[in-house]
Structure formats: C-alpha cells, structure tokens
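This is model.txt (compact mmCIF, C-alpha atoms).
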```
# COMPACT_ATOMS: atom_id res chain seq x y z
CA MET A 1 -11.24 -55.71 -52.30
CA ALA A 2 -10.54 -55.69 -48.56
CA LYS A 3 -10.17 -59.08 -46.94
CA ARG A 4 -13.09 -60.28 -44.82
CA LYS A 5 -12.20 -61.49 -41.35
CA MET A 6 -12.62 -65.26 -40.89
CA GLU A 7 -15.46 -65.44 -43.40
CA TRP A 8 -14.88 -69.18 -43.67
CA ALA A 9 -15.92 -69.61 -40.02
CA ALA A 10 -19.19 -67.80 -40.71
CA SER A 11 -20.16 -70.31 -43.39
CA GLY A 12 -22.87 -72.79 -42.49
CA THR A 13 -20.82 -75.53 -44.18
CA HIS A 14 -17.77 -75.03 -41.95
CA LEU A 15 -17.17 -78.48 -40.41
CA ARG A 16 -20.69 -79.40 -41.54
CA GLY A 17 -22.17 -76.71 -39.33
CA MET A 18 -21.39 -78.52 -36.09
CA PRO A 19 -19.37 -75.70 -34.40
CA ARG A 20 -22.12 -73.21 -35.26
CA ARG A 21 -24.79 -75.42 -33.72
CA VAL A 22 -22.71 -75.86 -30.56
CA VAL A 23 -22.25 -72.09 -30.21
CA PHE A 24 -25.95 -71.38 -30.64
CA MET A 25 -26.94 -74.11 -28.21
CA ALA A 26 -24.58 -72.68 -25.57
CA VAL A 27 -25.28 -68.99 -26.18
CA GLY A 28 -28.99 -69.64 -26.53
CA ALA A 29 -29.11 -71.45 -23.19
CA PHE A 30 -27.21 -68.54 -21.61
CA ALA A 31 -29.69 -66.03 -23.08
CA LYS A 32 -32.65 -68.06 -21.84
CA ALA A 33 -31.17 -68.26 -18.35
CA VAL A 34 -30.45 -64.52 -18.12
CA ALA A 35 -33.81 -63.48 -19.58
CA ASN A 36 -36.08 -65.93 -17.75
CA LEU A 37 -34.37 -67.48 -14.73
CA LEU A 38 -32.19 -64.68 -13.40
CA ASN A 39 -34.49 -61.86 -14.51
CA THR A 40 -38.07 -61.22 -15.60
CA THR A 41 -38.69 -60.49 -19.28
CA THR A 42 -41.92 -59.10 -20.73
CA VAL A 43 -42.44 -58.90 -24.49
CA HIS A 44 -45.16 -56.94 -26.27
CA ASN A 45 -46.17 -58.15 -29.74
CA ALA A 46 -43.78 -61.11 -29.77
CA ASP A 47 -46.05 -62.90 -32.27
CA THR A 48 -45.09 -60.47 -35.03
CA LEU A 49 -41.38 -61.17 -34.56
CA LEU A 50 -41.93 -64.92 -34.36
CA ARG A 51 -44.07 -64.91 -37.51
CA LEU A 52 -41.50 -62.98 -39.53
CA VAL A 53 -38.61 -65.12 -38.30
CA ARG A 54 -40.39 -68.38 -39.11
CA HIS A 55 -42.77 -67.71 -41.99
CA ARG A 56 -41.50 -65.00 -44.35
CA PRO A 57 -42.10 -65.47 -48.08
CA PRO A 58 -39.10 -67.21 -49.73
CA GLY A 59 -36.32 -64.79 -50.63
CA VAL A 60 -37.67 -61.91 -48.54
CA PRO A 61 -35.09 -60.69 -46.00
CA LEU A 62 -35.90 -59.51 -42.49
CA LEU A 63 -34.06 -56.51 -41.03
CA THR A 64 -34.71 -55.91 -37.33
CA VAL A 65 -33.48 -52.69 -35.74
CA SER A 66 -33.27 -51.85 -32.05
CA ASN A 67 -31.83 -49.45 -29.53
CA HIS A 68 -28.56 -50.44 -27.88
CA MET A 69 -28.52 -50.37 -24.06
CA SER A 70 -25.84 -52.91 -23.15
CA THR A 71 -23.24 -55.30 -24.49
CA LEU A 72 -25.66 -58.13 -23.67
CA ASP A 73 -28.56 -56.84 -25.80
CA ASP A 74 -27.71 -59.54 -28.28
CA PRO A 75 -28.18 -62.41 -27.41
CA VAL A 76 -30.33 -61.81 -24.29
CA MET A 77 -33.08 -59.91 -26.12
CA TRP A 78 -33.75 -63.12 -28.08
CA GLY A 79 -33.88 -65.25 -24.93
CA PHE A 80 -37.53 -64.71 -24.07
CA LYS A 81 -39.88 -67.68 -23.68
CA GLY A 82 -41.08 -69.18 -26.95
CA PHE A 83 -38.29 -67.79 -29.14
CA PRO A 84 -36.09 -70.35 -30.99
CA THR A 85 -32.87 -68.92 -29.53
CA THR A 86 -30.89 -72.15 -29.82
CA ASP A 87 -31.81 -72.82 -33.48
CA ALA A 88 -28.79 -71.82 -35.59
CA ARG A 89 -30.76 -72.06 -38.84
CA MET A 90 -33.33 -69.47 -37.77
CA ALA A 91 -30.89 -67.23 -35.94
CA ARG A 92 -30.17 -63.66 -36.97
CA TRP A 93 -27.02 -62.32 -38.49
CA VAL A 94 -25.89 -59.24 -36.58
CA LEU A 95 -23.51 -56.37 -37.12
CA ALA A 96 -20.96 -56.42 -34.27
CA ALA A 97 -18.27 -53.92 -33.26
CA GLU A 98 -14.89 -55.19 -34.36
CA ASP A 99 -13.05 -53.50 -31.48
CA ILE A 100 -15.18 -55.34 -28.89
CA CYS A 101 -16.09 -58.71 -30.38
CA PHE A 102 -13.09 -59.42 -32.60
CA LYS A 103 -10.13 -58.53 -30.38
CA ASN A 104 -8.25 -61.77 -31.03
CA ALA A 105 -8.41 -64.95 -33.10
CA VAL A 106 -10.35 -66.97 -30.51
CA LEU A 107 -13.06 -64.34 -30.03
CA SER A 108 -13.21 -63.74 -33.77
CA TYR A 109 -13.79 -67.44 -34.41
CA ILE A 110 -16.53 -67.72 -31.78
CA PHE A 111 -18.37 -64.60 -32.90
CA ARG A 112 -18.10 -65.64 -36.54
CA LEU A 113 -19.65 -69.00 -35.64
CA GLY A 114 -22.40 -66.97 -33.95
CA LYS A 115 -23.28 -65.29 -37.29
CA CYS A 116 -21.72 -61.95 -36.33
CA ILE A 117 -20.38 -59.60 -39.01
CA PRO A 118 -17.49 -57.37 -37.86
CA ILE A 119 -17.99 -53.65 -38.41
CA THR A 120 -15.17 -51.15 -37.98
CA ARG A 121 -16.43 -47.96 -36.37
CA GLY A 122 -15.58 -44.91 -38.40
CA ALA A 123 -14.81 -46.88 -41.56
CA GLY A 124 -17.98 -45.73 -43.28
CA ILE A 125 -21.08 -47.34 -44.75
CA TYR A 126 -19.26 -48.82 -47.74
CA GLN A 127 -16.69 -50.85 -45.82
CA GLU A 128 -16.24 -54.42 -47.04
CA HIS A 129 -18.15 -56.10 -44.22
CA MET A 130 -21.20 -53.99 -45.05
CA ASN A 131 -21.08 -55.71 -48.42
CA GLU A 132 -21.14 -59.01 -46.56
CA ALA A 133 -24.23 -57.85 -44.65
CA LEU A 134 -25.83 -56.89 -47.95
CA GLU A 135 -25.12 -60.39 -49.27
CA ARG A 136 -26.95 -61.91 -46.32
CA LEU A 137 -29.98 -59.74 -47.09
CA SER A 138 -29.70 -60.73 -50.75
CA ASP A 139 -29.90 -64.36 -49.60
CA GLY A 140 -33.22 -63.62 -47.85
CA GLU A 141 -31.69 -63.94 -44.38
CA TRP A 142 -32.51 -62.18 -41.11
CA LEU A 143 -30.11 -59.39 -40.15
CA HIS A 144 -30.18 -57.35 -36.94
CA THR A 145 -28.58 -53.93 -36.55
CA PHE A 146 -28.16 -51.38 -33.78
CA PRO A 147 -28.47 -48.21 -35.88
CA GLU A 148 -27.60 -45.89 -32.99
CA GLY A 149 -24.07 -47.21 -33.47
CA LYS A 150 -23.02 -47.70 -29.85
CA VAL A 151 -24.27 -48.49 -26.36
CA SER A 152 -26.10 -45.76 -24.45
CA GLN A 153 -27.53 -46.47 -21.00
CA GLU A 154 -29.27 -43.14 -20.59
CA ASP A 155 -33.02 -43.40 -20.19
CA GLY A 156 -33.71 -40.87 -22.92
CA PRO A 157 -34.97 -40.49 -26.48
CA ILE A 158 -33.65 -42.63 -29.32
CA ARG A 159 -30.48 -41.01 -30.58
CA ARG A 160 -29.82 -39.94 -34.14
CA LEU A 161 -29.23 -43.03 -36.26
CA LYS A 162 -26.17 -43.86 -38.32
CA TRP A 163 -26.76 -44.29 -42.04
CA GLY A 164 -25.51 -47.86 -42.40
CA THR A 165 -28.92 -49.46 -41.92
CA ALA A 166 -30.56 -47.07 -44.37
CA CYS A 167 -27.83 -47.85 -46.90
CA LEU A 168 -28.55 -51.58 -46.63
CA ILE A 169 -32.28 -51.00 -47.09
CA ASN A 170 -31.64 -49.00 -50.25
CA ARG A 171 -29.06 -51.37 -51.75
CA ALA A 172 -30.84 -54.68 -51.05
CA PRO A 173 -32.09 -56.33 -54.28
CA VAL A 174 -35.33 -57.23 -52.47
CA THR A 175 -36.47 -54.59 -49.99
CA PRO A 176 -36.30 -56.19 -46.54
CA VAL A 177 -39.12 -56.28 -44.03
CA VAL A 178 -37.93 -53.67 -41.51
CA LEU A 179 -39.11 -54.47 -37.98
CA PRO A 180 -38.39 -52.02 -35.12
CA ILE A 181 -37.76 -53.23 -31.57
CA VAL A 182 -37.20 -51.14 -28.45
CA HIS A 183 -36.12 -52.61 -25.13
CA HIS A 184 -35.37 -51.38 -21.62
CA GLY A 185 -33.79 -53.03 -18.59
CA LEU A 186 -30.68 -54.65 -20.03
CA GLN A 187 -28.72 -51.58 -18.96
CA GLU A 188 -29.40 -52.76 -15.39
CA VAL A 189 -28.46 -56.36 -16.15
CA MET A 190 -25.08 -55.30 -17.57
CA PRO A 191 -24.32 -51.72 -16.44
CA GLU A 192 -21.31 -50.05 -18.04
CA ASN A 193 -20.19 -48.41 -14.78
CA TYR A 194 -20.80 -51.05 -12.14
CA PHE A 195 -17.54 -50.91 -10.20
CA ARG A 196 -14.76 -48.43 -10.87
CA GLY A 197 -16.02 -47.73 -14.36
CA ARG A 198 -16.19 -51.39 -15.34
CA ARG A 199 -18.95 -53.82 -16.19
CA PRO A 200 -19.74 -56.67 -13.78
CA LEU A 201 -18.08 -60.01 -14.53
CA LEU A 202 -21.49 -61.70 -14.68
CA PRO A 203 -25.00 -60.45 -15.55
CA LEU A 204 -26.92 -59.03 -12.61
CA CYS A 205 -30.21 -60.60 -11.56
CA ASN A 206 -33.68 -59.69 -10.29
CA LYS A 207 -34.14 -57.02 -12.96
CA ARG A 208 -37.04 -56.35 -15.30
CA ILE A 209 -36.43 -56.52 -19.04
CA ASN A 210 -39.12 -54.99 -21.23
CA ILE A 211 -39.19 -55.54 -24.99
CA VAL A 212 -41.62 -53.85 -27.38
CA VAL A 213 -41.83 -55.25 -30.91
CA GLY A 214 -43.40 -52.88 -33.41
CA GLU A 215 -44.99 -53.47 -36.79
CA PRO A 216 -43.03 -53.51 -40.07
CA ILE A 217 -42.12 -50.04 -41.34
CA GLU A 218 -43.30 -49.34 -44.87
CA PHE A 219 -40.95 -47.53 -47.25
CA ASN A 220 -41.94 -46.28 -50.69
CA LEU A 221 -38.37 -46.39 -51.92
CA PRO A 222 -38.99 -45.35 -55.56
CA LYS A 223 -40.75 -42.22 -54.37
CA MET A 224 -38.14 -41.57 -51.67
CA ARG A 225 -35.34 -41.88 -54.24
CA GLU A 226 -37.05 -39.39 -56.54
CA MET A 227 -37.49 -36.99 -53.62
CA ALA A 228 -33.84 -37.43 -52.64
CA ILE A 229 -32.67 -36.57 -56.15
CA THR A 230 -34.83 -33.45 -56.17
CA THR A 231 -33.90 -32.17 -52.73
CA SER A 232 -30.19 -32.96 -53.07
CA ARG A 233 -29.79 -30.51 -55.93
CA ASP A 234 -29.54 -27.77 -53.33
CA PHE A 235 -26.77 -29.54 -51.37
CA SER A 236 -23.23 -28.18 -51.48
CA LEU A 237 -21.49 -30.53 -49.05
CA PRO A 238 -17.95 -31.88 -49.50
CA THR A 239 -17.96 -35.36 -51.02
CA LEU A 240 -16.75 -38.48 -49.22
CA GLY A 241 -15.95 -40.48 -52.34
CA TRP A 242 -18.95 -42.79 -52.13
CA PRO A 243 -19.73 -44.97 -55.15
CA SER A 244 -22.99 -44.46 -56.99
CA ALA A 245 -25.66 -46.70 -55.50
CA SER A 246 -25.85 -48.95 -58.56
CA PRO A 247 -28.27 -49.90 -60.04
CA ARG A 248 -30.16 -46.96 -58.52
CA GLY A 249 -27.75 -44.42 -60.01
CA LEU A 250 -27.95 -41.99 -57.09
CA ASP A 251 -25.04 -39.61 -56.71
CA GLU A 252 -23.54 -39.00 -53.29
CA ALA A 253 -25.72 -36.00 -52.48
CA ALA A 254 -28.88 -37.94 -53.33
CA GLN A 255 -27.70 -40.89 -51.24
CA ARG A 256 -27.16 -38.63 -48.24
CA SER A 257 -30.64 -37.19 -48.61
CA LEU A 258 -32.19 -40.65 -48.98
CA TYR A 259 -30.31 -42.22 -46.07
CA ASN A 260 -31.21 -39.28 -43.87
CA ALA A 261 -34.91 -39.66 -44.74
CA ILE A 262 -34.92 -43.42 -44.12
CA SER A 263 -33.03 -43.01 -40.83
CA ASP A 264 -35.35 -40.26 -39.64
CA ARG A 265 -38.35 -42.48 -40.35
CA ILE A 266 -36.89 -45.41 -38.39
CA GLN A 267 -35.85 -43.14 -35.51
CA ALA A 268 -39.34 -41.64 -35.26
CA VAL A 269 -40.98 -45.09 -35.15
CA MET A 270 -38.50 -46.34 -32.55
CA GLU A 271 -39.10 -43.26 -30.39
CA SER A 272 -42.86 -43.87 -30.57
CA LEU A 273 -42.27 -47.45 -29.44
CA ARG A 274 -40.09 -46.25 -26.58
CA ILE A 275 -42.82 -43.91 -25.34
CA PHE A 276 -45.46 -46.62 -25.81
CA GLY A 277 -43.34 -49.10 -23.86
CA LYS A 278 -42.95 -46.75 -20.92
CA LYS A 279 -46.74 -46.42 -20.73
CA ILE A 280 -47.71 -50.08 -20.91
CA LEU A 281 -44.77 -51.91 -19.38
CA THR A 282 -43.70 -49.68 -16.50
CA PRO A 283 -44.77 -51.36 -13.23
```

Could you render the structure as structure tokens?
Amino acid sequence: MAKRKMEWAASGTHLRGMPRRVVFMAVGAFAKAVANLLNTTTVHNADTLLRLVRHRPPGVPLLTVSNHMSTLDDPVMWGFKGFPTTDARMARWVLAAEDICFKNAVLSYIFRLGKCIPITRGAGIYQEHMNEALERLSDGEWLHTFPEGKVSQEDGPIRRLKWGTACLINRAPVTPVVLPIVHHGLQEVMPENYFRGRRPLLPLCNKRINIVVGEPIEFNLPKMREMAITTSRDFSLPTLGWPSASPRGLDEAAQRSLYNAISDRIQAVMESLRIFGKKILTP
C-alpha cells in the first residue's frame, strides 16, 4: 500500500483538534472577507446546501461537485453569509492537487489540517489517496470535488469530467447525496494571467461572485451497473489494470462504461445550472 502524506495531521484528534480549529477559524475569516467585504457574493438555493451540510441522516455522506474557475474557489465559495465557514466539524473534505497545495512540509501540514486530501494528477482513479477519500464518504462525511480536474477561466460550457468522482459514487458503501454547484466570478478575483502570466499576490476586489446550488442528482446505480455490464460487452479497449470494483464485481470495461455514464449525467446537470445562472444572476 502506498504511504499517505501526513495523514496524522488530517486526523481530528491531532493535538486534540486545536490546530485544525485554528486553521478553519483563520481560513474561514479570510473566505468571509473576500466573499462579502471585498466583493459581492450572490447565492441561489443556499438553503439546500445548508440543510444537507447540517441535517443529513446519520451515516449518509454528502458529495458536492463544482466547476473550477480559480485557485481560490475553495475556500471562498463557502464564505457567503450564513454559511458555517469557520466550523471545522461541519467543514468539507476536499480533493486538492498535490503539485499546488503540497509542495513542501509546511504547506502539506496546513492543507492537511484544512481537511484537504492530496491527489496526484495523472496517477489514476485508484491511487491511494482516492481510497482515503472513499473512507471519508464511508464515515458519512462531506466531500467536495472539482471533477473537471483543473482550473479553467474560460467563460464556456462545463468541460468533460474526469472519472474520479464517478468512481467514488460507485464504490461508496452508502450512496452519497450528490449536490451540483456552479459558480462564476472567482476567475476575476484570482485571475491566472494577471501580470506577466502570474496570479495577483492578493485577491482582487469589487467583483461579483455568483453561486448556483442545484438539487441532489438521483442515480439508480443498480440499473446503471446492469446497463454498463451490457453495453461494455462491445468494448475492445486496452486495459489499464484496474481492480474489479468489489463488491460490485464489475470488470474494467463495465467500470469505464459506468463511470462515463455517471460523469455525463453530472456534466449535463452542471451545464444546465451554468446556463440557468447566466439567466438569473447576470446583472
């Protein structure tokens, strides 16, 4: 088994949870300031997100998915008024790019305290830290992912999604509540090419941040698995050496078909939200 990076720091019992609380108080205050004091944030259907964060049935995980427009999406998208951004107990776990957030020991420690799970781009959907993410879902926790896989600041359609999120949905012992979120405006708060191809040192201000929270996406996974098994019989793709999705027993071809179907469904819903947001939130 591959070693997990600083997993001890991600534990809520590390130093009795004090460092984690300090990080969330500081980062939460920063998110609140950027979202509400420096900029103007509008949220559609925030009540659905708040209800699922606070009042899910015991043991039922929450999986939020969103587009990825800047390196500040998380935490600033949780900084809107009324959201418990500084509460470490309620806070999300999030998949974070190892090459950006875990460059050295200090950053790794801070991001681990912030409930971030390092993901190595290109290492596949069965890398060890994806197993850690699956464990958090198995614990009934809230996990956030950016299924597009990387930042894109183009004002265009939702890009084709990576299969990691779909894999987690399929493998989770209890199917998570999957809540789509689409936002716009953070690409102006933290533009990738601000000066000589670099980001600004500090977030920009006087921008509008629009967030649209959708409704939970329903998945009939037993039926989708059966369909995947049937349709994958015609596949003749080279294998990647994936394990069978125990206890589902899907071979690699069936997994590909299933993850593609789940991802296409999420992408379609997110694109609908993007279009809806442009209609109702554009000044």

Within 12 Å of Glu128 of chain A, counting only C-alpha atoms, which residues qualify if same-chain residues fewer than 4 places away don't, as a list in words?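 Non-adjacent residues within range: Met1, Ala2, Lys3, Arg4, Lys5, Glu7, Ile117, Pro118, Ile119, Thr120, Ala123, Gly124, Glu132, Ala133, Leu134 and Glu135 of chain A.
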
Selection from above, C-alpha atoms, as a PDB file, keeping the file's coordinate frame, can you write it?
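This went into out-v1.pdb:
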```pdb
ATOM      1  CA  MET A   1     -11.240 -55.710 -52.300  1.00  0.00           C
ATOM      2  CA  ALA A   2     -10.540 -55.690 -48.560  1.00  0.00           C
ATOM      3  CA  LYS A   3     -10.170 -59.080 -46.940  1.00  0.00           C
ATOM      4  CA  ARG A   4     -13.090 -60.280 -44.820  1.00  0.00           C
ATOM      5  CA  LYS A   5     -12.200 -61.490 -41.350  1.00  0.00           C
ATOM      6  CA  GLU A   7     -15.460 -65.440 -43.400  1.00  0.00           C
ATOM      7  CA  ILE A 117     -20.380 -59.600 -39.010  1.00  0.00           C
ATOM      8  CA  PRO A 118     -17.490 -57.370 -37.860  1.00  0.00           C
ATOM      9  CA  ILE A 119     -17.990 -53.650 -38.410  1.00  0.00           C
ATOM     10  CA  THR A 120     -15.170 -51.150 -37.980  1.00  0.00           C
ATOM     11  CA  ALA A 123     -14.810 -46.880 -41.560  1.00  0.00           C
ATOM     12  CA  GLY A 124     -17.980 -45.730 -43.280  1.00  0.00           C
ATOM     13  CA  GLU A 132     -21.140 -59.010 -46.560  1.00  0.00           C
ATOM     14  CA  ALA A 133     -24.230 -57.850 -44.650  1.00  0.00           C
ATOM     15  CA  LEU A 134     -25.830 -56.890 -47.950  1.00  0.00           C
ATOM     16  CA  GLU A 135     -25.120 -60.390 -49.270  1.00  0.00           C
TER      17      GLU A 135
END
```

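The space separating atom CA of Thr239 of chain A from atom CA of Phe219 of chain A comes to 26.3 Å.
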
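Using only C-alpha atoms, the protein and nucleic acid residues lying no more than 12 Å from Ile100 of chain A, apart from those fewer than 4 places from it along its own chain, are Thr71, Leu95, Ala96, Asn104, Leu107, Ser108, Phe111, Cys116, Pro118, Ile119, Thr120, Arg121, Lys150 and Val151 of chain A.
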
Those residues with C-alpha atoms, as an mmCIF file, in the frame of the given file please?
```cif
data_model
loop_
_atom_site.group_PDB
_atom_site.id
_atom_site.type_symbol
_atom_site.label_atom_id
_atom_site.label_comp_id
_atom_site.auth_asym_id
_atom_site.auth_seq_id
_atom_site.Cartn_x
_atom_site.Cartn_y
_atom_site.Cartn_z
ATOM 1 C CA THR A 71 -23.240 -55.300 -24.490
ATOM 2 C CA LEU A 95 -23.510 -56.370 -37.120
ATOM 3 C CA ALA A 96 -20.960 -56.420 -34.270
ATOM 4 C CA ASN A 104 -8.250 -61.770 -31.030
ATOM 5 C CA LEU A 107 -13.060 -64.340 -30.030
ATOM 6 C CA SER A 108 -13.210 -63.740 -33.770
ATOM 7 C CA PHE A 111 -18.370 -64.600 -32.900
ATOM 8 C CA CYS A 116 -21.720 -61.950 -36.330
ATOM 9 C CA PRO A 118 -17.490 -57.370 -37.860
ATOM 10 C CA ILE A 119 -17.990 -53.650 -38.410
ATOM 11 C CA THR A 120 -15.170 -51.150 -37.980
ATOM 12 C CA ARG A 121 -16.430 -47.960 -36.370
ATOM 13 C CA LYS A 150 -23.020 -47.700 -29.850
ATOM 14 C CA VAL A 151 -24.270 -48.490 -26.360
#
```

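Counting all atoms listed in the file, the residue from A:Gly140, A:Gly122, A:Pro238, A:Gly277 that sits nearest to Pro173 of chain A is A:Gly140.
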
May I have the residues within 7 Å of Thr64 of chain A as a PDB file with C-alpha atoms, keeping the file's coordinate frame, using all atoms listed in the file and disregarding those fewer than 3 positions away in the same chain?
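Wrote it out as result.pdb, contents follow:
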```pdb
ATOM      1  CA  LEU A 143     -30.110 -59.390 -40.150  1.00  0.00           C
ATOM      2  CA  HIS A 144     -30.180 -57.350 -36.940  1.00  0.00           C
ATOM      3  CA  THR A 145     -28.580 -53.930 -36.550  1.00  0.00           C
ATOM      4  CA  VAL A 178     -37.930 -53.670 -41.510  1.00  0.00           C
ATOM      5  CA  LEU A 179     -39.110 -54.470 -37.980  1.00  0.00           C
ATOM      6  CA  PRO A 180     -38.390 -52.020 -35.120  1.00  0.00           C
TER       7      PRO A 180
END
```

Shell around Ser11 of chain A at 12 Å using all atoms listed in the file, local window under 5 positions removed, as a PyMOL selection string: chain A and resi 6+16-21+88-89+93+109+112-117+132+136

Near Gly156 of chain A, counting all atoms listed in the file, which residues have an atom at most 12 Å away, once you skip same-chain residues fewer than 3 positions from it, shown as a list in words? Asn67, His68, Met69, Ser152, Gln153, Arg159, Arg160, His184, Glu271, Arg274, Ile275 and Lys278 of chain A

Compare A:Asn193, A:Gln255, A:Asn170, A:Asn39 by their minimum atom-to-atom distance to Gly241 of chain A, counting only C-alpha atoms, and give me the closest one. A:Gln255

With only C-alpha atoms as the basis for distance, which of A:Ile229, A:Met77, A:Ser272, A:Met130 is at the shortest distance from Glu252 of chain A? A:Ile229
